[in-house]
$ cat coords_32.cif   # mmCIF, C-alpha atoms
data_my_file
#
loop_
_atom_site.group_PDB
_atom_site.id
_atom_site.type_symbol
_atom_site.label_atom_id
_atom_site.label_comp_id
_atom_site.auth_asym_id
_atom_site.auth_seq_id
_atom_site.Cartn_x
_atom_site.Cartn_y
_atom_site.Cartn_z
ATOM 1 C CA MET A 1 121.711 117.515 -14.669
ATOM 2 C CA GLY A 2 120.924 114.838 -12.182
ATOM 3 C CA LEU A 3 122.226 111.411 -11.564
ATOM 4 C CA LEU A 4 120.298 108.320 -12.645
ATOM 5 C CA TYR A 5 120.571 105.124 -10.636
ATOM 6 C CA HIS A 6 119.341 101.738 -11.759
ATOM 7 C CA GLN A 7 118.662 99.022 -9.217
ATOM 8 C CA ILE A 8 121.289 96.320 -8.988
ATOM 9 C CA PRO A 9 119.761 92.819 -9.101
ATOM 10 C CA GLU A 10 119.941 90.970 -5.814
ATOM 11 C CA ASN A 11 121.854 88.103 -7.395
ATOM 12 C CA GLY A 12 124.712 90.500 -7.970
ATOM 13 C CA VAL A 13 125.092 89.548 -11.626
ATOM 14 C CA PRO A 14 126.939 92.324 -13.422
ATOM 15 C CA ARG A 15 124.757 94.366 -15.704
ATOM 16 C CA LYS A 16 124.918 97.512 -17.690
ATOM 17 C CA ARG A 17 123.608 100.766 -16.430
ATOM 18 C CA VAL A 18 123.613 104.347 -17.540
ATOM 19 C CA VAL A 19 124.731 107.128 -15.290
ATOM 20 C CA GLU A 20 124.373 110.735 -16.242
ATOM 21 C CA ILE A 21 126.900 113.065 -14.634
ATOM 22 C CA GLY A 22 127.012 116.749 -15.457
ATOM 23 C CA ALA A 23 126.852 117.267 -19.199
ATOM 24 C CA SER A 24 128.445 113.990 -20.232
ATOM 25 C CA ILE A 25 126.772 110.615 -20.651
ATOM 26 C CA VAL A 26 128.695 107.809 -19.032
ATOM 27 C CA VAL A 27 128.107 104.155 -19.760
ATOM 28 C CA SER A 28 129.292 101.867 -17.030
ATOM 29 C CA ARG A 29 129.921 98.158 -16.802
ATOM 30 C CA GLU A 30 129.729 97.244 -13.182
ATOM 31 C CA SER A 31 130.124 94.324 -10.873
ATOM 32 C CA MET A 32 129.184 94.047 -7.237
ATOM 33 C CA LEU A 33 132.242 93.487 -5.058
ATOM 34 C CA LEU A 34 130.965 93.798 -1.536
ATOM 35 C CA LYS A 35 127.669 94.450 0.170
ATOM 36 C CA LEU A 36 127.354 95.000 3.918
ATOM 37 C CA GLU A 37 124.233 95.492 5.988
ATOM 38 C CA LEU A 38 125.093 96.680 9.453
ATOM 39 C CA ARG A 39 123.685 98.438 12.477
ATOM 40 C CA SER A 40 124.682 101.932 13.509
ATOM 41 C CA ASN A 41 126.958 100.645 16.232
ATOM 42 C CA PRO A 42 130.362 102.371 16.446
ATOM 43 C CA GLU A 43 131.889 99.055 17.492
ATOM 44 C CA MET A 44 131.288 97.776 13.958
ATOM 45 C CA LEU A 45 133.466 100.462 12.382
ATOM 46 C CA CYS A 46 136.621 98.395 12.781
ATOM 47 C CA VAL A 47 134.961 95.496 10.949
ATOM 48 C CA VAL A 48 134.063 97.719 8.005
ATOM 49 C CA ARG A 49 137.534 99.243 7.935
ATOM 50 C CA ALA A 50 139.129 95.807 7.800
ATOM 51 C CA SER A 51 136.839 94.752 4.947
ATOM 52 C CA LEU A 52 137.458 97.906 2.932
ATOM 53 C CA GLY A 53 141.177 97.712 3.566
ATOM 54 C CA GLN A 54 141.348 94.223 2.104
ATOM 55 C CA LEU A 55 139.045 95.063 -0.785
ATOM 56 C CA THR A 56 141.021 98.107 -1.873
ATOM 57 C CA GLU A 57 144.255 96.155 -1.598
ATOM 58 C CA LYS A 58 142.823 93.372 -3.774
ATOM 59 C CA LEU A 59 141.753 95.941 -6.332
ATOM 60 C CA GLY A 60 145.312 97.163 -6.609
ATOM 61 C CA PHE A 61 145.060 100.607 -5.065
ATOM 62 C CA PRO A 62 148.366 101.947 -3.765
ATOM 63 C CA GLU A 63 148.669 101.770 0.029
ATOM 64 C CA ALA A 64 148.017 105.480 0.579
ATOM 65 C CA GLU A 65 144.835 105.279 -1.504
ATOM 66 C CA CYS A 66 143.693 102.191 0.406
ATOM 67 C CA ARG A 67 144.027 104.216 3.595
ATOM 68 C CA ALA A 68 142.188 107.145 2.005
ATOM 69 C CA VAL A 69 139.204 104.998 0.969
ATOM 70 C CA VAL A 70 139.046 103.350 4.393
ATOM 71 C CA LEU A 71 139.108 106.781 6.051
ATOM 72 C CA ALA A 72 136.342 108.129 3.795
ATOM 73 C CA VAL A 73 134.041 105.180 4.474
ATOM 74 C CA ASP A 74 134.746 105.288 8.214
ATOM 75 C CA GLU A 75 133.948 109.002 8.288
ATOM 76 C CA ALA A 76 130.763 108.498 6.267
ATOM 77 C CA LEU A 77 129.559 105.866 8.737
ATOM 78 C CA THR A 78 130.590 108.026 11.689
ATOM 79 C CA ASN A 79 128.537 110.918 10.303
ATOM 80 C CA ILE A 80 125.512 108.665 9.865
ATOM 81 C CA ILE A 81 125.792 107.282 13.402
ATOM 82 C CA ARG A 82 126.289 110.696 14.977
ATOM 83 C CA HIS A 83 124.069 112.926 12.900
ATOM 84 C CA ALA A 84 121.509 110.951 10.886
ATOM 85 C CA TYR A 85 120.813 108.534 13.743
ATOM 86 C CA GLY A 86 121.735 110.767 16.688
ATOM 87 C CA GLY A 87 123.869 108.081 18.314
ATOM 88 C CA GLN A 88 121.258 105.283 18.159
ATOM 89 C CA THR A 89 123.099 102.006 17.749
ATOM 90 C CA GLU A 90 120.503 99.684 16.180
ATOM 91 C CA ARG A 91 119.544 101.563 13.011
ATOM 92 C CA PRO A 92 120.283 100.123 9.565
ATOM 93 C CA ILE A 93 123.135 101.137 7.305
ATOM 94 C CA GLU A 94 123.829 99.603 3.914
ATOM 95 C CA LEU A 95 127.162 99.790 2.199
ATOM 96 C CA SER A 96 127.840 98.463 -1.275
ATOM 97 C CA CYS A 97 130.990 98.528 -3.352
ATOM 98 C CA ARG A 98 131.101 98.025 -7.091
ATOM 99 C CA ARG A 99 133.819 98.083 -9.655
ATOM 100 C CA ILE A 100 132.617 100.258 -12.489
ATOM 101 C CA GLN A 101 133.956 101.480 -15.765
ATOM 102 C CA VAL A 102 133.380 105.126 -16.453
ATOM 103 C CA ARG A 103 133.847 106.875 -19.768
ATOM 104 C CA GLN A 104 135.175 110.358 -19.328
ATOM 105 C CA GLY A 105 135.973 112.504 -22.311
ATOM 106 C CA GLY A 106 136.359 109.482 -24.590
ATOM 107 C CA ALA A 107 138.610 107.534 -22.222
ATOM 108 C CA HIS A 108 137.532 104.568 -20.108
ATOM 109 C CA ARG A 109 138.475 104.605 -16.448
ATOM 110 C CA GLU A 110 138.055 101.919 -13.851
ATOM 111 C CA ALA A 111 136.701 103.054 -10.524
ATOM 112 C CA LEU A 112 135.546 101.767 -7.183
ATOM 113 C CA GLU A 113 132.040 103.040 -6.476
ATOM 114 C CA ILE A 114 130.921 103.030 -2.845
ATOM 115 C CA LEU A 115 127.309 103.678 -1.960
ATOM 116 C CA VAL A 116 126.345 104.231 1.679
ATOM 117 C CA GLU A 117 122.679 104.446 2.620
ATOM 118 C CA ASP A 118 120.837 105.188 5.844
ATOM 119 C CA ARG A 119 117.242 105.797 6.884
ATOM 120 C CA GLY A 120 118.016 108.597 9.304
ATOM 121 C CA LEU A 121 117.256 112.283 9.411
ATOM 122 C CA LYS A 122 117.324 114.023 6.074
ATOM 123 C CA VAL A 123 120.721 115.475 5.356
ATOM 124 C CA ASP A 124 120.536 119.208 4.744
ATOM 125 C CA GLY A 125 122.582 119.765 1.592
ATOM 126 C CA ALA A 126 123.233 123.372 2.573
ATOM 127 C CA LYS A 127 125.008 122.191 5.719
ATOM 128 C CA LEU A 128 127.313 119.837 3.881
ATOM 129 C CA CYS A 129 129.971 122.427 3.280
ATOM 130 C CA GLY A 130 132.106 121.456 6.294
ATOM 131 C CA ARG A 131 133.823 124.118 8.353
ATOM 132 C CA SER A 132 136.744 126.412 7.888
ATOM 133 C CA LEU A 133 139.971 124.578 8.633
ATOM 134 C CA GLU A 134 141.473 127.805 9.868
ATOM 135 C CA GLU A 135 139.542 127.364 13.089
ATOM 136 C CA VAL A 136 141.330 125.255 15.664
ATOM 137 C CA LYS A 137 138.453 123.388 17.258
ATOM 138 C CA PRO A 138 137.376 119.800 17.677
ATOM 139 C CA GLY A 139 134.792 118.343 15.321
ATOM 140 C CA GLY A 140 133.580 119.045 11.801
ATOM 141 C CA LEU A 141 136.459 117.348 10.015
ATOM 142 C CA GLY A 142 134.699 114.232 8.755
ATOM 143 C CA LEU A 143 133.229 115.718 5.596
ATOM 144 C CA HIS A 144 136.534 117.366 4.778
ATOM 145 C CA PHE A 145 138.279 114.002 5.101
ATOM 146 C CA ILE A 146 135.722 112.357 2.787
ATOM 147 C CA ARG A 147 136.089 115.017 0.111
ATOM 148 C CA GLU A 148 139.868 114.993 0.273
ATOM 149 C CA SER A 149 140.046 111.206 0.141
ATOM 150 C CA MET A 150 137.693 110.447 -2.751
ATOM 151 C CA ASP A 151 137.547 111.585 -6.387
ATOM 152 C CA THR A 152 133.781 112.095 -6.496
ATOM 153 C CA VAL A 153 131.373 112.636 -3.597
ATOM 154 C CA GLU A 154 127.628 113.062 -4.079
ATOM 155 C CA PHE A 155 124.772 113.253 -1.590
ATOM 156 C CA ARG A 156 121.130 112.704 -2.351
ATOM 157 C CA ARG A 157 117.864 111.883 -0.628
ATOM 158 C CA LYS A 158 115.847 109.078 -2.188
ATOM 159 C CA ILE A 159 112.672 107.409 -0.928
ATOM 160 C CA GLY A 160 113.341 108.057 2.736
ATOM 161 C CA LYS A 161 117.030 107.254 2.464
ATOM 162 C CA ASN A 162 120.160 109.358 2.552
ATOM 163 C CA GLN A 163 122.561 108.179 -0.106
ATOM 164 C CA LEU A 164 126.234 108.987 -0.248
ATOM 165 C CA ARG A 165 127.987 107.934 -3.423
ATOM 166 C CA MET A 166 131.751 108.030 -3.590
ATOM 167 C CA LEU A 167 134.098 107.160 -6.422
ATOM 168 C CA LYS A 168 137.794 106.412 -6.344
ATOM 169 C CA PHE A 169 139.476 105.960 -9.695
ATOM 170 C CA LEU A 170 141.830 103.049 -10.108
ATOM 171 C CA HIS A 171 145.228 103.975 -11.444
ATOM 172 C CA VAL A 172 146.601 100.449 -11.159
ATOM 173 C CA THR A 173 144.663 97.625 -12.780
ATOM 174 C CA GLU A 174 146.612 94.638 -11.446
ATOM 175 C CA PRO A 175 146.452 93.659 -7.779
ATOM 176 C CA ARG A 176 149.668 94.077 -5.856
ATOM 177 C CA LYS A 177 151.863 90.999 -5.919
ATOM 178 C CA ASP A 178 152.144 90.878 -2.149
ATOM 179 C CA SER A 179 148.346 90.728 -1.670
ATOM 180 C CA MET B 180 142.244 100.874 21.555
ATOM 181 C CA GLN B 181 144.202 100.466 24.735
ATOM 182 C CA ILE B 182 145.585 103.333 26.731
ATOM 183 C CA SER B 183 147.958 103.101 29.670
ATOM 184 C CA ALA B 184 149.608 105.821 31.708
ATOM 185 C CA ARG B 185 153.154 106.115 33.019
ATOM 186 C CA HIS B 186 154.525 108.863 35.195
ATOM 187 C CA LEU B 187 157.962 110.377 35.018
ATOM 188 C CA ASP B 188 158.452 113.172 37.574
ATOM 189 C CA LYS B 189 155.721 115.629 36.663
ATOM 190 C CA ILE B 190 155.109 114.194 33.234
ATOM 191 C CA THR B 191 152.317 111.815 32.302
ATOM 192 C CA ILE B 192 153.013 109.583 29.328
ATOM 193 C CA PHE B 193 150.098 107.841 27.686
ATOM 194 C CA ASP B 194 150.896 104.807 25.531
ATOM 195 C CA VAL B 195 148.075 104.360 23.039
ATOM 196 C CA THR B 196 147.632 101.160 21.058
ATOM 197 C CA GLY B 197 145.165 100.225 18.325
ATOM 198 C CA ASP B 198 142.441 102.237 16.616
ATOM 199 C CA ILE B 199 141.171 105.644 17.709
ATOM 200 C CA ASP B 200 137.692 106.024 16.256
ATOM 201 C CA LEU B 201 134.151 106.948 17.251
ATOM 202 C CA SER B 202 133.911 104.021 19.652
ATOM 203 C CA THR B 203 137.223 104.612 21.414
ATOM 204 C CA SER B 204 137.996 108.335 21.197
ATOM 205 C CA PRO B 205 135.760 109.240 24.213
ATOM 206 C CA GLU B 206 138.072 107.147 26.416
ATOM 207 C CA LEU B 207 141.132 108.973 25.118
ATOM 208 C CA ARG B 208 139.449 112.337 25.557
ATOM 209 C CA LYS B 209 138.443 111.499 29.129
ATOM 210 C CA ALA B 210 141.961 110.372 30.043
ATOM 211 C CA LEU B 211 143.564 113.508 28.593
ATOM 212 C CA LEU B 212 141.132 115.921 30.213
ATOM 213 C CA ARG B 213 141.426 114.207 33.593
ATOM 214 C CA GLU B 214 145.195 114.489 33.555
ATOM 215 C CA LEU B 215 145.163 118.109 32.465
ATOM 216 C CA ARG B 216 142.110 119.614 34.145
ATOM 217 C CA GLU B 217 141.751 117.522 37.309
ATOM 218 C CA LEU B 218 145.270 116.369 38.119
ATOM 219 C CA HIS B 219 146.911 119.513 36.730
ATOM 220 C CA MET B 220 149.863 117.690 35.235
ATOM 221 C CA PRO B 221 152.225 120.267 33.741
ATOM 222 C CA ARG B 222 153.149 118.016 30.813
ATOM 223 C CA VAL B 223 151.084 115.328 29.118
ATOM 224 C CA VAL B 224 152.783 113.257 26.449
ATOM 225 C CA LEU B 225 151.040 110.927 24.026
ATOM 226 C CA ASN B 226 152.902 107.993 22.516
ATOM 227 C CA LEU B 227 151.208 107.285 19.169
ATOM 228 C CA LYS B 228 153.720 104.745 17.820
ATOM 229 C CA ALA B 229 151.319 101.811 18.082
ATOM 230 C CA VAL B 230 148.209 103.590 16.800
ATOM 231 C CA ARG B 231 147.000 101.742 13.705
ATOM 232 C CA TYR B 232 144.214 104.137 12.788
ATOM 233 C CA ILE B 233 142.838 107.523 13.769
ATOM 234 C CA ASP B 234 139.747 109.273 12.413
ATOM 235 C CA SER B 235 138.229 112.733 12.815
ATOM 236 C CA SER B 236 136.825 111.901 16.252
ATOM 237 C CA GLY B 237 140.338 110.938 17.345
ATOM 238 C CA VAL B 238 141.753 114.173 15.961
ATOM 239 C CA ALA B 239 138.989 116.044 17.801
ATOM 240 C CA SER B 240 140.090 114.397 21.058
ATOM 241 C CA LEU B 241 143.672 115.513 20.457
ATOM 242 C CA VAL B 242 142.472 119.058 19.763
ATOM 243 C CA GLU B 243 140.487 119.003 23.000
ATOM 244 C CA GLY B 244 143.585 117.870 24.847
ATOM 245 C CA LEU B 245 145.579 120.679 23.285
ATOM 246 C CA LYS B 246 142.940 123.267 24.172
ATOM 247 C CA ALA B 247 142.752 122.007 27.751
ATOM 248 C CA SER B 248 146.535 122.210 28.044
ATOM 249 C CA ARG B 249 146.481 125.794 26.850
ATOM 250 C CA ASP B 250 143.727 126.651 29.331
ATOM 251 C CA VAL B 251 145.722 125.338 32.291
ATOM 252 C CA GLY B 252 149.165 126.372 31.058
ATOM 253 C CA ALA B 253 150.437 122.826 30.520
ATOM 254 C CA ARG B 254 152.324 121.254 27.618
ATOM 255 C CA PHE B 255 150.628 118.691 25.431
ATOM 256 C CA ILE B 256 153.058 116.689 23.319
ATOM 257 C CA LEU B 257 152.700 113.979 20.687
ATOM 258 C CA PHE B 258 155.466 111.629 19.642
ATOM 259 C CA GLY B 259 155.956 108.563 17.485
ATOM 260 C CA LEU B 260 153.574 109.625 14.734
ATOM 261 C CA ASN B 261 153.496 106.857 12.159
ATOM 262 C CA THR B 262 152.465 107.297 8.526
ATOM 263 C CA THR B 263 148.778 106.708 9.185
ATOM 264 C CA VAL B 264 148.516 109.210 12.023
ATOM 265 C CA ARG B 265 150.674 111.783 10.252
ATOM 266 C CA GLU B 266 148.601 111.554 7.075
ATOM 267 C CA VAL B 267 145.347 112.157 8.914
ATOM 268 C CA LEU B 268 146.741 115.072 10.908
ATOM 269 C CA GLN B 269 148.121 116.572 7.712
ATOM 270 C CA LEU B 270 144.760 116.121 6.023
ATOM 271 C CA SER B 271 143.137 118.000 8.898
ATOM 272 C CA ARG B 272 145.773 120.727 8.476
ATOM 273 C CA LEU B 273 146.180 120.628 12.251
ATOM 274 C CA LEU B 274 149.572 118.936 12.437
ATOM 275 C CA LYS B 275 151.339 122.259 12.791
ATOM 276 C CA ILE B 276 149.401 123.274 15.912
ATOM 277 C CA PHE B 277 150.707 120.321 17.907
ATOM 278 C CA GLU B 278 154.101 120.035 19.570
ATOM 279 C CA THR B 279 155.456 116.820 18.058
ATOM 280 C CA TYR B 280 158.663 114.829 18.387
ATOM 281 C CA GLU B 281 160.068 111.677 16.918
ATOM 282 C CA SER B 282 161.070 109.996 20.170
ATOM 283 C CA GLU B 283 160.054 109.767 23.799
ATOM 284 C CA GLU B 284 163.475 111.013 24.818
ATOM 285 C CA GLN B 285 162.822 114.276 22.965
ATOM 286 C CA ALA B 286 159.254 114.522 24.235
ATOM 287 C CA VAL B 287 160.241 114.311 27.915
ATOM 288 C CA ALA B 288 163.433 116.358 27.656
ATOM 289 C CA PRO B 289 163.604 119.328 30.079
#

$ encode --input "coords_32.cif" --output "structure tokens"
Amino acid sequence: MGLLYHQIPENGVPRKRVVEIGASIVVSRESMLLKLELRSNPEMLCVVRASLGQLTEKLGFPEAECRAVVLAVDEALTNIIRHAYGGQTERPIELSCRRIQVRQGGAHREALEILVEDRGLKVDGAKLCGRSLEEVKPGGLGLHFIRESMDTVEFRRKIGKNQLRMLKFLHVTEPRKDS
Amino acid sequence: MQISARHLDKITIFDVTGDIDLSTSPELRKALLRELRELHMPRVVLNLKAVRYIDSSGVASLVEGLKASRDVGARFILFGLNTTVREVLQLSRLLKIFETYESEEQAVAP
């Protein structure tokens, strides 16, 4: 089965949507947390990392999971800049983060959903397997880092855009007291 | 990222500060390869204590440094790995291929 996306209104008002994953129907309540429109300039990566670091901390993720989400997003943007845009620095990238509620097997789970979109070269799904980690060579680790860092990772091509959707489930609902 | 070099006998010590990512890793790579391939330093040591962040492009630069050191018969050593750097190297499953130490004293020991 596929995955159904419904457009989020520009005013960011939370709304209901239905997402179909695998064989189970999931009803999500979502709210937009952060939306960034940036250019494919590597110098902007530190800005995105800082934003995601603060967002994940506010959401109450443990420190190691904050670092994992930041790494995954950084690697996703790096892949877009290097591969989808071939190093061009002025191409558009959109990143949006939502807090969603997912029903899995009768239980509700809170999650951070991160959607990264670019208008670059079509991503070949067959090549998204990463490389063997047994080989000691530079490069090819980004996708591995994304998969290891996030709970769900999905790629799709939609209306001239590459979309990467990542989910990280929240295990802690209250923000940390020191944040 | 900032990178500065110190020399101790025939050892080059690089002190790296800040973030190693797509925008900064080429500078690190260039510095490592110059020291190993052009200046033929027998030991190149990287102080990672003050590195706040490293991504896959940074790890790739370290792997290139390691490969270059093997090619020229030099030693390539990392020390001062903080939690962030250690986590990423463990995630890459490449931590074990590097010669690592806790302190500079250990890294430059004969």

$ closest_atom_pairs --input "coords_32.cif" --of "chain A" --to "chain B" --cutoff "10 Å" --atoms "all atoms listed in the file" --output "tab-separated table"
residue	atom	partner	partner_atom	distance
A:Asn41	CA	B:Ser202	CA	8.5
A:Pro42	CA	B:Ser202	CA	5.1
A:Glu43	CA	B:Ser202	CA	5.8
A:Met44	CA	B:Ser202	CA	8.8
A:Leu45	CA	B:Asp200	CA	8.0
A:Cys46	CA	B:Asp198	CA	8.0
A:Arg49	CA	B:Tyr232	CA	9.6
A:Ala64	CA	B:Thr263	CA	8.7
A:Arg67	CA	B:Thr263	CA	7.7
A:Ala68	CA	B:Val267	CA	9.1
A:Val70	CA	B:Tyr232	CA	9.9
A:Leu71	CA	B:Asp234	CA	6.9
A:Ala72	CA	B:Asp234	CA	9.3
A:Asp74	CA	B:Asp234	CA	7.6
A:Glu75	CA	B:Asp234	CA	7.1
A:Leu77	CA	B:Leu201	CA	9.7
A:Thr78	CA	B:Leu201	CA	6.7
A:Asn79	CA	B:Leu201	CA	9.8
A:Ile81	CA	B:Leu201	CA	9.2
A:Arg82	CA	B:Leu201	CA	9.0
A:Leu133	CA	B:Arg272	CA	7.0
A:Glu134	CA	B:Arg272	CA	8.4
A:Glu135	CA	B:Leu273	CA	9.5
A:Val136	CA	B:Val242	CA	7.5
A:Lys137	CA	B:Val242	CA	6.4
A:Pro138	CA	B:Ala239	CA	4.1
A:Gly139	CA	B:Ala239	CA	5.4
A:Gly140	CA	B:Ser235	CA	7.9
A:Leu141	CA	B:Ser235	CA	5.7
A:Gly142	CA	B:Ser235	CA	5.6
A:Leu143	CA	B:Ser235	CA	9.3
A:His144	CA	B:Ser271	CA	7.8
A:Phe145	CA	B:Leu270	CA	6.9
A:Glu148	CA	B:Leu270	CA	7.6
A:Ser149	CA	B:Leu270	CA	9.0

$ axis_aligned_box --input "coords_32.cif" --around "range 268-271 of chain B" --padding-each-side "4 Å" --output "JSON"
{"center_x": 145.6, "center_y": 116.5, "center_z": 8.5, "size_x": 13.0, "size_y": 10.9, "size_z": 12.9}

$ resolve_selection --input "coords_32.cif" --expression "the PyMOL selection byres ((chain B and resi 222) around 7)" --output "ChimeraX atom specification"
/B:189-191,220-221,223-224,253-255

$ atom_distance --input "coords_32.cif" --atom1 "CA of Glu283 in chain B" --atom2 "CA of Phe258 in chain B"
6.5 Å

$ atom_distance --input "coords_32.cif" --atom1 "CA of Thr56 in chain A" --atom2 "CA of Gln163 in chain A"
21.1 Å

$ resolve_selection --input "coords_32.cif" --expression "the PyMOL selection byres ((chain A and resi 160) around 12)" --output "list in words"
Ala84, Glu117, Asp118, Arg119, Gly120, Leu121, Lys122, Val123, Arg156, Arg157, Lys158, Ile159, Lys161, Asn162 and Gln163 of chain A

$ closest_residue --input "coords_32.cif" --among "B:Ile256, B:Leu187, B:Leu227, B:Met180" --to "Pro205 in chain B" --atoms "all atoms listed in the file"
B:Met180
